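Inspection log for the structure reproduced underneath, given as structure tokens.
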Amino acid sequence: MDLIEFESEQSMTREEAAAELHKLADALARNNQVQFVKGNLKHTVRVPSPVTVEYEVEVGADGGKIEFEISW
């Protein structure tokens, strides 16, 4: 199978970011899959169980970030 990659970066409010995370979590919990749309391309990814979850938090004087990764 060919590698499929979707990458997106956009500015939004903290509440909007939380809503996006909720949508992802709900899709995983209900359907065991997530759907990504970019332009005319739509791809559904089935996520089996178990998964490995990794997160990283970096906070410095000039800002911070939280990275959250799910792999299988």
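As shown in the structure tokens, the chain order sets the letters A, B, ...; within each chain, residues go from 1, and ligands are also counted from 1 in the order they appear.
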
Next item on the list: With a distance cut-off of 10 Å and only C-alpha atoms, select the neighbouring residues of A:Phe36, excluding the residue or stretch itself and same-chain residues fewer than 5 positions from it, and output the selection as a PyMOL selection string.
Entry: chain A and resi 5-7+41-45

Next item on the list: Within 8 Å of A:Ile70, counting only C-alpha atoms, which residues show up once you throw out same-chain ones fewer than 4 positions away? Write them as a PyMOL selection string, please.
Entry: chain A and resi 51-54

Margin query: My list of candidates is A:Ile66, A:Ala17, A:Ala61, A:Ala29. Which is closest to A:Ser49 when distances are computed with only C-alpha atoms?
Written below: A:Ala29

Item checked: alpha helix (DSSP H) positions in chain A, given as a PyMOL selection string -> chain A and resi 14-31

Margin query: Taking only C-alpha atoms into account, name the residue in A:Val59, A:Met12, A:Val47, A:Ile4 that is nearest to A:Leu24.
Written below: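 Checking each candidate against A:Leu24, we get A:Val47 as the closest.
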
Next item on the list: Check chain A with DSSP on the backbone and list each residue it calls strand (DSSP E), as a ChimeraX atom specification.
Entry: /A:33-38,41-46,52-60,63-71

Go ahead and save the picked residues with N, CA and C atoms, as a short mmCIF file (atom, residue, chain, number, x, y, z; two decimals), in the first residue's frame.
```cif
data_model
loop_
_atom_site.label_atom_id
_atom_site.label_comp_id
_atom_site.auth_asym_id
_atom_site.auth_seq_id
_atom_site.Cartn_x
_atom_site.Cartn_y
_atom_site.Cartn_z
N GLN A 33 -12.75 4.45 13.13
CA GLN A 33 -12.13 5.01 11.94
C GLN A 33 -12.23 6.53 11.97
N VAL A 34 -11.37 7.17 11.20
CA VAL A 34 -11.41 8.61 11.06
C VAL A 34 -11.38 8.95 9.58
N GLN A 35 -11.93 10.08 9.24
CA GLN A 35 -12.01 10.50 7.84
C GLN A 35 -11.28 11.82 7.68
N PHE A 36 -10.46 11.91 6.63
CA PHE A 36 -9.72 13.12 6.34
C PHE A 36 -10.12 13.62 4.96
N VAL A 37 -10.35 14.92 4.85
CA VAL A 37 -10.74 15.53 3.58
C VAL A 37 -9.80 16.70 3.32
N LYS A 38 -9.25 16.71 2.11
CA LYS A 38 -8.40 17.82 1.69
C LYS A 38 -8.68 18.07 0.22
N LEU A 41 -10.04 15.28 -2.25
CA LEU A 41 -9.59 13.98 -1.80
C LEU A 41 -10.13 13.66 -0.41
N LYS A 42 -10.82 12.53 -0.29
CA LYS A 42 -11.35 12.08 1.00
C LYS A 42 -10.84 10.67 1.26
N HIS A 43 -10.32 10.44 2.45
CA HIS A 43 -9.79 9.12 2.78
C HIS A 43 -10.26 8.72 4.18
N THR A 44 -10.71 7.48 4.30
CA THR A 44 -11.12 6.94 5.59
C THR A 44 -10.04 5.97 6.08
N VAL A 45 -9.62 6.16 7.31
CA VAL A 45 -8.58 5.33 7.91
C VAL A 45 -9.18 4.51 9.03
N ARG A 46 -9.11 3.20 8.90
CA ARG A 46 -9.58 2.30 9.96
C ARG A 46 -8.48 2.21 11.01
N THR A 52 -1.03 2.63 20.22
CA THR A 52 -0.02 3.23 21.09
C THR A 52 -0.23 4.74 21.05
N VAL A 53 -0.28 5.35 22.21
CA VAL A 53 -0.49 6.80 22.32
C VAL A 53 0.78 7.42 22.90
N GLU A 54 1.23 8.47 22.22
CA GLU A 54 2.42 9.18 22.66
C GLU A 54 2.10 10.67 22.67
N TYR A 55 2.50 11.35 23.72
CA TYR A 55 2.32 12.79 23.72
C TYR A 55 3.56 13.48 24.25
N GLU A 56 3.73 14.71 23.81
CA GLU A 56 4.89 15.50 24.18
C GLU A 56 4.42 16.92 24.46
N VAL A 57 4.90 17.49 25.55
CA VAL A 57 4.56 18.85 25.91
C VAL A 57 5.85 19.64 26.03
N GLU A 58 5.91 20.78 25.34
CA GLU A 58 7.06 21.68 25.43
C GLU A 58 6.55 23.07 25.77
N VAL A 59 7.12 23.67 26.81
CA VAL A 59 6.73 25.01 27.21
C VAL A 59 8.01 25.81 27.46
N GLY A 60 8.11 26.96 26.82
CA GLY A 60 9.27 27.83 26.99
C GLY A 60 8.82 29.26 27.16
N GLY A 63 6.58 30.48 24.19
CA GLY A 63 5.38 29.71 23.81
C GLY A 63 5.54 28.24 24.11
N GLY A 64 4.62 27.47 23.59
CA GLY A 64 4.67 26.04 23.85
C GLY A 64 3.90 25.26 22.81
N LYS A 65 3.92 23.94 22.96
CA LYS A 65 3.14 23.09 22.07
C LYS A 65 2.86 21.76 22.74
N ILE A 66 1.79 21.14 22.28
CA ILE A 66 1.41 19.80 22.71
C ILE A 66 1.29 18.97 21.44
N GLU A 67 2.01 17.87 21.38
CA GLU A 67 1.92 16.94 20.25
C GLU A 67 1.31 15.65 20.77
N PHE A 68 0.35 15.12 20.03
CA PHE A 68 -0.37 13.91 20.42
C PHE A 68 -0.36 12.97 19.23
N GLU A 69 0.12 11.75 19.41
CA GLU A 69 0.25 10.81 18.31
C GLU A 69 -0.38 9.48 18.67
N ILE A 70 -1.15 8.92 17.75
CA ILE A 70 -1.75 7.60 17.89
C ILE A 70 -1.18 6.73 16.78
N SER A 71 -0.61 5.60 17.12
CA SER A 71 -0.07 4.70 16.10
C SER A 71 -0.52 3.26 16.38
#
```

Notebook entry, point to check: Do you have the atom CA of A:Glu20-atom CA of A:Asn32 distance handy?
Noted result: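 Separation of atom CA of A:Glu20 and atom CA of A:Asn32: 16.7 Å.
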
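The space separating atom CA of A:Glu16 from atom CA of A:Gly39 comes to 20.8 Å.
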